[in-house]
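**Q** This one is my_file_1.pdb, PDB, C-alpha atoms, pLDDT in the B column.
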ATOM      1  CA  MET A   1     -11.496  -3.125  -2.344  1.00 60.00           C
ATOM      2  CA  SER A   2      -9.636  -0.018  -3.436  1.00 71.00           C
ATOM      3  CA  ASP A   3      -8.545   1.233  -6.851  1.00 87.00           C
ATOM      4  CA  ILE A   4      -5.060   1.982  -5.483  1.00 93.00           C
ATOM      5  CA  ARG A   5      -2.518  -0.408  -7.010  1.00 94.00           C
ATOM      6  CA  LYS A   6       0.730   1.096  -5.697  1.00 95.00           C
ATOM      7  CA  ILE A   7       1.892   3.453  -2.961  1.00 96.00           C
ATOM      8  CA  SER A   8       5.328   5.018  -2.702  1.00 96.00           C
ATOM      9  CA  ILE A   9       6.335   6.652   0.585  1.00 95.00           C
ATOM     10  CA  GLY A  10       9.081   9.290   0.461  1.00 92.00           C
ATOM     11  CA  THR A  11      10.010  12.593  -1.124  1.00 90.00           C
ATOM     12  CA  ASP A  12      11.962  11.267  -4.127  1.00 86.00           C
ATOM     13  CA  TYR A  13       9.955   8.748  -6.159  1.00 86.00           C
ATOM     14  CA  MET A  14      13.028   7.159  -7.762  1.00 87.00           C
ATOM     15  CA  GLY A  15      15.333   7.623  -4.759  1.00 85.00           C
ATOM     16  CA  LYS A  16      16.726   4.968  -2.457  1.00 87.00           C
ATOM     17  CA  GLU A  17      14.912   6.448   0.554  1.00 89.00           C
ATOM     18  CA  THR A  18      11.443   5.855  -0.931  1.00 93.00           C
ATOM     19  CA  MET A  19       9.528   2.659  -0.061  1.00 94.00           C
ATOM     20  CA  HIS A  20       7.248   1.131  -2.716  1.00 95.00           C
ATOM     21  CA  TYR A  21       4.327  -1.222  -2.026  1.00 96.00           C
ATOM     22  CA  LEU A  22       2.384  -2.879  -4.854  1.00 96.00           C
ATOM     23  CA  LEU A  23      -0.723  -5.070  -4.916  1.00 95.00           C
ATOM     24  CA  GLY A  24       0.309  -8.711  -5.150  1.00 95.00           C
ATOM     25  CA  GLN A  25       3.814  -7.981  -3.840  1.00 96.00           C
ATOM     26  CA  PRO A  26       5.180 -10.718  -1.571  1.00 96.00           C
ATOM     27  CA  VAL A  27       6.166  -9.411   1.883  1.00 96.00           C
ATOM     28  CA  ILE A  28       7.516 -10.717   5.201  1.00 94.00           C
ATOM     29  CA  GLY A  29       9.967 -13.119   3.614  1.00 94.00           C
ATOM     30  CA  GLY A  30       7.530 -14.054   0.843  1.00 93.00           C
ATOM     31  CA  LYS A  31       5.063 -15.638   3.270  1.00 95.00           C
ATOM     32  CA  TYR A  32       2.250 -13.172   2.523  1.00 96.00           C
ATOM     33  CA  MET A  33       1.053 -10.968  -0.333  1.00 97.00           C
ATOM     34  CA  ILE A  34      -0.303  -7.426  -0.324  1.00 97.00           C
ATOM     35  CA  CYS A  35      -3.998  -7.820  -1.120  1.00 96.00           C
ATOM     36  CA  ASP A  36      -5.364  -4.278  -0.680  1.00 96.00           C
ATOM     37  CA  ILE A  37      -4.229  -0.662  -0.353  1.00 96.00           C
ATOM     38  CA  CYS A  38      -6.925   1.708   0.983  1.00 94.00           C
ATOM     39  CA  LYS A  39      -7.338   5.339   1.985  1.00 93.00           C
ATOM     40  CA  VAL A  40      -9.094   5.939   5.307  1.00 93.00           C
ATOM     41  CA  PRO A  41     -11.770   8.558   4.496  1.00 91.00           C
ATOM     42  CA  SER A  42     -11.807  10.193   7.937  1.00 93.00           C
ATOM     43  CA  THR A  43      -8.030  10.754   8.214  1.00 92.00           C
ATOM     44  CA  SER A  44      -6.712  10.332   4.639  1.00 89.00           C
ATOM     45  CA  ALA A  45      -4.178   7.845   6.035  1.00 95.00           C
ATOM     46  CA  VAL A  46      -3.334   4.901   3.793  1.00 96.00           C
ATOM     47  CA  GLN A  47      -3.572   1.305   5.022  1.00 97.00           C
ATOM     48  CA  ILE A  48      -1.918  -1.759   3.503  1.00 97.00           C
ATOM     49  CA  TYR A  49      -3.514  -5.159   4.001  1.00 97.00           C
ATOM     50  CA  ILE A  50      -1.978  -8.587   3.504  1.00 97.00           C
ATOM     51  CA  ASP A  51      -3.566 -11.955   2.841  1.00 96.00           C
ATOM     52  CA  LYS A  52      -2.723 -14.272   5.731  1.00 92.00           C
ATOM     53  CA  ASN A  53      -4.116 -17.743   5.102  1.00 90.00           C
ATOM     54  CA  GLY A  54      -7.165 -16.336   3.298  1.00 92.00           C
ATOM     55  CA  GLU A  55      -7.768 -13.634   5.907  1.00 95.00           C
ATOM     56  CA  ARG A  56      -7.336  -9.899   5.167  1.00 96.00           C
ATOM     57  CA  ILE A  57      -5.054  -8.446   7.893  1.00 97.00           C
ATOM     58  CA  LEU A  58      -3.976  -4.813   8.385  1.00 97.00           C
ATOM     59  CA  TRP A  59      -0.184  -4.776   7.963  1.00 97.00           C
ATOM     60  CA  LYS A  60       0.850  -1.099   7.761  1.00 96.00           C
ATOM     61  CA  GLU A  61      -0.732   2.319   8.072  1.00 96.00           C
ATOM     62  CA  PHE A  62       0.844   5.552   6.836  1.00 96.00           C
ATOM     63  CA  SER A  63      -0.205   8.983   8.093  1.00 94.00           C
ATOM     64  CA  SER A  64      -1.453  11.481   5.535  1.00 91.00           C
ATOM     65  CA  GLN A  65       1.328  13.780   6.808  1.00 93.00           C
ATOM     66  CA  LEU A  66       3.976  11.637   5.069  1.00 93.00           C
ATOM     67  CA  PRO A  67       4.936  12.457   1.482  1.00 94.00           C
ATOM     68  CA  MET A  68       3.397   9.775  -0.721  1.00 94.00           C
ATOM     69  CA  PHE A  69       2.609   8.950  -4.309  1.00 93.00           C
ATOM     70  CA  LEU A  70      -0.454   6.877  -5.158  1.00 93.00           C
ATOM     71  CA  GLU A  71      -0.968   4.964  -8.396  1.00 93.00           C
ATOM     72  CA  TYR A  72      -4.488   3.910  -9.291  1.00 92.00           C
ATOM     73  CA  ASP A  73      -5.640   0.915 -11.315  1.00 84.00           C
ATOM     74  CA  TYR A  74      -7.953   1.957 -14.122  1.00 79.00           C
ATOM     75  CA  ASN A  75      -9.430  -1.040 -15.899  1.00 72.00           C
ATOM     76  CA  GLU A  76     -11.181  -0.272 -19.155  1.00 58.00           C
TER      77      GLU A  76
END
Take the structure I supplied and represent it as structure tokens, if you would.

**A**
Amino acid sequence: MSDIRKISIGTDYMGKETMHYLLGQPVIGGKYMICDICKVPSTSAVQIYIDKNGERILWKEFSSQLPMFLEYDYNE
């Protein structure tokens, strides 16, 4: 489990061209929820996983070459 809670892909954080993915966000018509967002140590790519009937499934992977913003979850 990662400490990343949100990833935004694009050059303008508030712009219309930027995609935002958040833990717990419903996706694919609301059928599934984002359950984890992880960095791949060897490539620095970012992977998004969904919960599909209790199973953690890789849904998307973004290359480290793409402009991205990461937000981390810091629980005190």

**Q** Go through the shown structure with the PyMOL selection byres ((chain A and resi 19) around 7) and write out the matching residues as a PDB file with C-alpha atoms, in the coordinates of the input.

**A**
ATOM      1  CA  SER A   8       5.328   5.018  -2.702  1.00 96.00           C
ATOM      2  CA  ILE A   9       6.335   6.652   0.585  1.00 95.00           C
ATOM      3  CA  GLY A  10       9.081   9.290   0.461  1.00 92.00           C
ATOM      4  CA  GLU A  17      14.912   6.448   0.554  1.00 89.00           C
ATOM      5  CA  THR A  18      11.443   5.855  -0.931  1.00 93.00           C
ATOM      6  CA  HIS A  20       7.248   1.131  -2.716  1.00 95.00           C
ATOM      7  CA  TYR A  21       4.327  -1.222  -2.026  1.00 96.00           C
TER       8      TYR A  21
END

**Q** On this file, the PyMOL selection byres ((chain A and resi 57) around 12) gives some set of residues; write that set as a list in words.

**A**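 Answer for the PyMOL selection byres ((chain A and resi 57) around 12): Tyr32, Met33, Ile34, Cys35, Asp36, Ile37, Gln47, Ile48, Tyr49, Ile50, Asp51, Lys52, Asn53, Gly54, Glu55, Arg56, Leu58, Trp59, Lys60 and Glu61 of chain A.
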
**Q** Using CA of Leu66 (chain A) and CA of Val40 (chain A) as the two end points, give the distance in Å to one decimal.

**A**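 Separating CA of Leu66 (chain A) from CA of Val40 (chain A) is a distance of 14.3 Å.
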
**Q** For this file, the PyMOL selection byres ((chain A and resi 72) around 8) selects which residues, as a list in words?

**A**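 Here the PyMOL selection byres ((chain A and resi 72) around 8) matches Asp3, Ile4, Arg5, Lys6, Leu70, Glu71, Asp73 and Tyr74 of chain A.
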